[in-house]
Amino acid sequence: MVLFSEMFVSELKNIPVVDRLQEPIGTAKDIILTVGDVFPKITGLLVRLNKKKEEVLLLLGEVDLIGKQFVVTKSVKERVVFARPTSQELLLRQDILDKQIVDTGGARVIRVNDLKLGKIDQDIRLLAADVGLKGLIRRLRWLPFFTFAFGLFGKKIPDTLIGWDHVEQLKTGRAPGMITIPSKHLQDLHPSDIANIISQVHSDEKTAIFSSLSEKTAAEALHELEPQIQAILLLTLDTKKTLGILEKMPVDEIADVLGDIPEEKTEELLRLMRPRKASQVKKLLAHPDETAGGLMTPEIITTKPDYTAQQTIEKMRQLANEAETVYYVYVLDNEEKLVGILSLRALIIASQDTKISEIMEKELITVDPQMPRRKVAQVISKYNLLAVPVVDEKNKLLGIVTVDDVIDFILPPISRRMRHMLG
Amino acid sequence: MTKRLKRIGIILAIVGPGVIAAIAGNDAGGTATYSIVGARFGYHMLWLLLLVGIALVVVQEMCARMGAVTGKGLSDLIREEFGVRWTLFAMLILLTANVAVTVSEFAGIAASLEIFGITRYISVPLMAGVIWGLMTMGSYKAVERVFISVCFIYFSYIFSGLLARPDWGLALHSTFVPTFEFNFDFIVIAIAMVGTTIAPWMQFYLQSSVVEKGIKPKQYKYQRWDVILGSILAVIIAMFIVIACAAVLHPRGIMVNEAQEAALALKPFAGNFAALLFGLGLFASSALGASILPLSSAYAICEAFGWENGISKRFNEAPVFYTLYTILIVIGAGVVLLPNIHLINIMIFSQTTNGILFPFILIFMMRLVNNKRLMGHYVNSRFINLIAWATAAILIILTILLLFSSLII
């Protein structure tokens, strides 16, 4: 079979299909491909017959040549075999062109302006998505004019191609619901990038992408999303998966997320969660959102004044996985009252047998659970803390608020945007 | 905010977009048009307003349904279903219409503040700066809320209309018995009235908000009522503006050549505070429109062509988005500052532009909403199709008549 070396889908619009004797058969309407390979293989053309005005499938085996002017079949008109199109084929024009794809290299959602096909060995494959200005202009068939106009200024039309190996397709079939299964690329992205992508795609695809993530990645991405999107995702995901994801999240983030969905759903999820975690979440939910109590996490590492440095380090090893931060260890007396704070630094440089009471910081900066978020942020910022303990009126330790819970209030809006940008 | 309050907030959010779009639709151009309709033609155009109202309900409902079923915005859908060439066409139409509306919003800002004695050469550049800055400050949503709440001032037209002792018999008669005048003024204002009530930008804005709220087909039945109520509300307010103006201004031969004259229609309700109330309402609705329109146009166009967009991006990440946004504000404010510009006329002509261009957008919408592959069994019923096509037809016929009447004169 003879074929061009490279070609754009836009150049294949409505070109005539003729048999080997140049007798007209029909018009090429669309291109059929199979997913699975990194560069998907083209398997046939959707042809609109001249005679019956019906659309049929012309498999590539029947085709002798695909050119920019016309498509030629191998045999004569009467002997060309057509297949009947089903709803399962993926069509380049209808399903991929003009739709959104995920560019995993740039971690962004972007629209396909054109598609580049090329010959690899004996197969025609989908090589790249054109997402730049040149693709748009080619679609408008204004390429010669614009090339000339840009040339006047000694410039070239900017051309942006994304290799299909960096593309995550959002649709894998024509039937509704057949969206996003392959997400190997996506899994490898940073959770903030994934969150960014999820927030840009359409609602069905949001759920599809999200449910294709591993529980751990999903847990991290979920917290990065806007409350509204969190709610949409949790309400559409099946309960088992939701529980798995919640299991991987710190308690304060669970409380955050559950605070934004309808009460019945929250209660259902709390009933099904591990009882210890559920009761911690319930306590947090009782506090208003924008206060220290609503922001804090109870997952912390504590020790006692009469423990030694070595004992404390042992305890840390056991609890470090569950804890929100390991940079501070909180020293509690027998009545669970906060008597001191130990920094990781002080703990490591102390000799093994040193008593905690000797090295702990006794001048404590604490906040009460009702303190509004903005005030908490001020405290953390003023004393340069990584976390601040939340205590009740009897000085009993309830939890800690970490700097990342309030960072948006410490940084001015511009830097917040920078942070968003840097992911 | 407590969890419980937040939850109420979410419920309110679901019943929001339709009402908000309707309130925001009653902007500078709307107020000016309805006031002139009442002042110059009395109750004569009420029948057309009733028909427009029905069309508004139908069109807005279509839009919200498309948003809920496909999860995509209108410009998204146009691009995905019609390709680059048609998208370029549709976006040029939208851009033209939106530039016109933005100009009229700034005219509204100028006119409202001139009631309080502030010259447009101060108010317009200042407000353009403030609106442009809103985006960078990121407090856009909060400000939007404030403007929307001030817009409820327009409810005072209902009281004013009731207190002005209108001729109810005549009003009722005109609502159900069509009358038509074949002259340029009548047709221009008729098209403006349709164009301001069902503007192209409202469809894009409404569908985007429905999508943004993440409303699913299952929850759509609530959304539908929100949209229907919003539209009915908008038409009721519009009708009362016409009735109040017909009762107060028309008998005295006031033509509403200046915004101050339109304020008189609120006198039966607000007495000496009429000018204040009218000025405030006009200012808030114009400022709301002037901040929504450039943003919504930039979003729609960038989405359609796949250019980076969003106010969380920086200029060099989303250059087209920011350029469009800025250009719209600059044109909007700039046109109003041209010497010898007549504010009221510019508001009317921008609404007429909307009315002339709307059928094009409506045809795109009809093709989309009746596409079974996209909409499944949520495609339009035959009855809805009939009303929507009739709307397009009436606007096209009016436009042709306008051409003829301008040739005759």
# chains A, B, ... in the order shown; residues from 1 in each chain; ligands from 1
>>> select_by_dssp(residues="range 9-243 of chain B", states="alpha helix (DSSP H)", output="ChimeraX atom specification")
/B:9-14,17-25,28-41,46-70,74-115,120-137,140-151,156-163,168-176,184-197,200-212,220-243
>>> residues_around(residues="Arg85 in chain B", least_positions_apart="3", cutoff="12 Å", atoms="only C-alpha atoms", output="list in words")
Ser10, Asp98, Asn113, Leu136, Ile137, Arg138, Arg139, Leu140, Arg141 and Trp142 of chain A; Ile78, Arg79, Glu80, Glu81, Phe82, Leu88, Phe89, Ala90, Met91, Leu92, Ala304 and Phe305 of chain B
>>> residues_around(residues="Pro24 in chain A", least_positions_apart="2", cutoff="12 Å", atoms="only C-alpha atoms", output="list in words")
Ile15, Pro16, Val17, Val18, Asp19, Arg20, Leu21, Gln22, Gly26, Thr27, Ala28, Val47, Arg48, Leu49, Asn50, Lys51, Phe70, Val71, Val72, Thr73, Val76, Lys77 and Glu78 of chain A
>>> write_last_selection(atoms="N, CA and C atoms", output="PDB file, in the first residue's frame")
ATOM      1  N   ILE A  15     -12.552  13.923   1.000  1.00  0.00           N
ATOM      2  CA  ILE A  15     -11.886  13.650  -0.262  1.00  0.00           C
ATOM      3  C   ILE A  15     -12.551  12.443  -0.928  1.00  0.00           C
ATOM      4  N   PRO A  16     -12.592  12.436  -2.266  1.00  0.00           N
ATOM      5  CA  PRO A  16     -13.298  11.367  -2.965  1.00  0.00           C
ATOM      6  C   PRO A  16     -12.581  10.012  -2.852  1.00  0.00           C
ATOM      7  N   VAL A  17     -13.371   8.965  -2.803  1.00  0.00           N
ATOM      8  CA  VAL A  17     -12.847   7.607  -2.820  1.00  0.00           C
ATOM      9  C   VAL A  17     -13.162   7.025  -4.201  1.00  0.00           C
ATOM     10  N   VAL A  18     -12.127   6.536  -4.903  1.00  0.00           N
ATOM     11  CA  VAL A  18     -12.365   5.979  -6.236  1.00  0.00           C
ATOM     12  C   VAL A  18     -11.799   4.558  -6.304  1.00  0.00           C
ATOM     13  N   ASP A  19     -12.253   3.762  -7.246  1.00  0.00           N
ATOM     14  CA  ASP A  19     -11.690   2.418  -7.384  1.00  0.00           C
ATOM     15  C   ASP A  19     -10.471   2.472  -8.297  1.00  0.00           C
ATOM     16  N   ARG A  20      -9.884   1.313  -8.588  1.00  0.00           N
ATOM     17  CA  ARG A  20      -8.606   1.319  -9.310  1.00  0.00           C
ATOM     18  C   ARG A  20      -8.748   1.807 -10.745  1.00  0.00           C
ATOM     19  N   LEU A  21      -9.986   1.845 -11.219  1.00  0.00           N
ATOM     20  CA  LEU A  21     -10.202   2.368 -12.573  1.00  0.00           C
ATOM     21  C   LEU A  21     -10.661   3.823 -12.539  1.00  0.00           C
ATOM     22  N   GLN A  22     -10.458   4.453 -11.352  1.00  0.00           N
ATOM     23  CA  GLN A  22     -10.827   5.860 -11.164  1.00  0.00           C
ATOM     24  C   GLN A  22     -12.339   6.099 -11.163  1.00  0.00           C
ATOM     25  N   GLY A  26     -17.335   7.020  -3.428  1.00  0.00           N
ATOM     26  CA  GLY A  26     -17.981   7.816  -2.385  1.00  0.00           C
ATOM     27  C   GLY A  26     -17.027   8.865  -1.850  1.00  0.00           C
ATOM     28  N   THR A  27     -17.318   9.348  -0.625  1.00  0.00           N
ATOM     29  CA  THR A  27     -16.496  10.377  -0.004  1.00  0.00           C
ATOM     30  C   THR A  27     -16.007   9.884   1.358  1.00  0.00           C
ATOM     31  N   ALA A  28     -14.733  10.139   1.658  1.00  0.00           N
ATOM     32  CA  ALA A  28     -14.189   9.749   2.961  1.00  0.00           C
ATOM     33  C   ALA A  28     -14.676  10.737   4.009  1.00  0.00           C
ATOM     34  N   VAL A  47     -16.818   5.742   4.909  1.00  0.00           N
ATOM     35  CA  VAL A  47     -17.064   6.279   3.571  1.00  0.00           C
ATOM     36  C   VAL A  47     -18.561   6.461   3.355  1.00  0.00           C
ATOM     37  N   ARG A  48     -18.903   7.598   2.792  1.00  0.00           N
ATOM     38  CA  ARG A  48     -20.302   7.836   2.439  1.00  0.00           C
ATOM     39  C   ARG A  48     -20.444   7.491   0.963  1.00  0.00           C
ATOM     40  N   LEU A  49     -21.248   6.465   0.676  1.00  0.00           N
ATOM     41  CA  LEU A  49     -21.386   5.991  -0.690  1.00  0.00           C
ATOM     42  C   LEU A  49     -22.138   7.006  -1.540  1.00  0.00           C
ATOM     43  N   ASN A  50     -21.712   7.147  -2.790  1.00  0.00           N
ATOM     44  CA  ASN A  50     -22.385   8.072  -3.690  1.00  0.00           C
ATOM     45  C   ASN A  50     -23.802   7.622  -3.987  1.00  0.00           C
ATOM     46  N   LYS A  51     -23.930   6.292  -4.205  1.00  0.00           N
ATOM     47  CA  LYS A  51     -25.204   5.775  -4.698  1.00  0.00           C
ATOM     48  C   LYS A  51     -26.305   5.791  -3.651  1.00  0.00           C
ATOM     49  N   PHE A  70      -7.223  12.083  -3.387  1.00  0.00           N
ATOM     50  CA  PHE A  70      -8.235  11.023  -3.348  1.00  0.00           C
ATOM     51  C   PHE A  70      -7.692   9.740  -2.745  1.00  0.00           C
ATOM     52  N   VAL A  71      -8.648   8.854  -2.428  1.00  0.00           N
ATOM     53  CA  VAL A  71      -8.324   7.537  -1.891  1.00  0.00           C
ATOM     54  C   VAL A  71      -8.630   6.527  -2.992  1.00  0.00           C
ATOM     55  N   VAL A  72      -7.705   5.589  -3.232  1.00  0.00           N
ATOM     56  CA  VAL A  72      -7.915   4.596  -4.288  1.00  0.00           C
ATOM     57  C   VAL A  72      -8.029   3.214  -3.663  1.00  0.00           C
ATOM     58  N   THR A  73      -9.023   2.442  -4.091  1.00  0.00           N
ATOM     59  CA  THR A  73      -9.169   1.089  -3.557  1.00  0.00           C
ATOM     60  C   THR A  73      -8.354   0.119  -4.413  1.00  0.00           C
ATOM     61  N   VAL A  76     -11.750  -3.300  -8.254  1.00  0.00           N
ATOM     62  CA  VAL A  76     -12.745  -2.492  -8.953  1.00  0.00           C
ATOM     63  C   VAL A  76     -13.983  -2.360  -8.081  1.00  0.00           C
ATOM     64  N   LYS A  77     -14.698  -1.330  -8.365  1.00  0.00           N
ATOM     65  CA  LYS A  77     -15.888  -0.920  -7.632  1.00  0.00           C
ATOM     66  C   LYS A  77     -16.763  -2.077  -7.131  1.00  0.00           C
ATOM     67  N   GLU A  78     -17.077  -2.990  -8.056  1.00  0.00           N
ATOM     68  CA  GLU A  78     -18.028  -4.045  -7.724  1.00  0.00           C
ATOM     69  C   GLU A  78     -17.472  -5.032  -6.707  1.00  0.00           C
TER      70      GLU A  78
END
>>> closest_residue(among="B:Leu338, B:Ile131, B:Val84, B:Met62", to="chain A", atoms="only C-alpha atoms")
B:Val84
>>> residues_around(residues="range 390-395 of chain B", least_positions_apart="2", cutoff="8 Å", atoms="only C-alpha atoms", output="list in words")
Val52, Ala55, Ile191, Val194, Gly355, Ile356, Phe358, Pro359, Leu362, Ile363, Leu386, Ile387, Ala388, Ile397, Leu398 and Thr399 of chain B
>>> atom_distance(atom1="CA of Met347 in chain B", atom2="CA of Gly29 in chain B")
5.0 Å
>>> residues_around(residues="Leu270 in chain A", least_positions_apart="3", cutoff="10 Å", atoms="only C-alpha atoms", output="MDAnalysis selection string")
chainID A and resid 243 258 264:267 273:275 277:279 281:282
>>> atom_distance(atom1="CA of Thr31 in chain B", atom2="CA of Ser350 in chain B")
12.8 Å
>>> interface_residues(of="chain A", to="chain B", cutoff="6 Å", atoms="only C-alpha atoms", output="PyMOL selection string")
chain A and resi 98-99+110-111+140+202-203+259+288-289
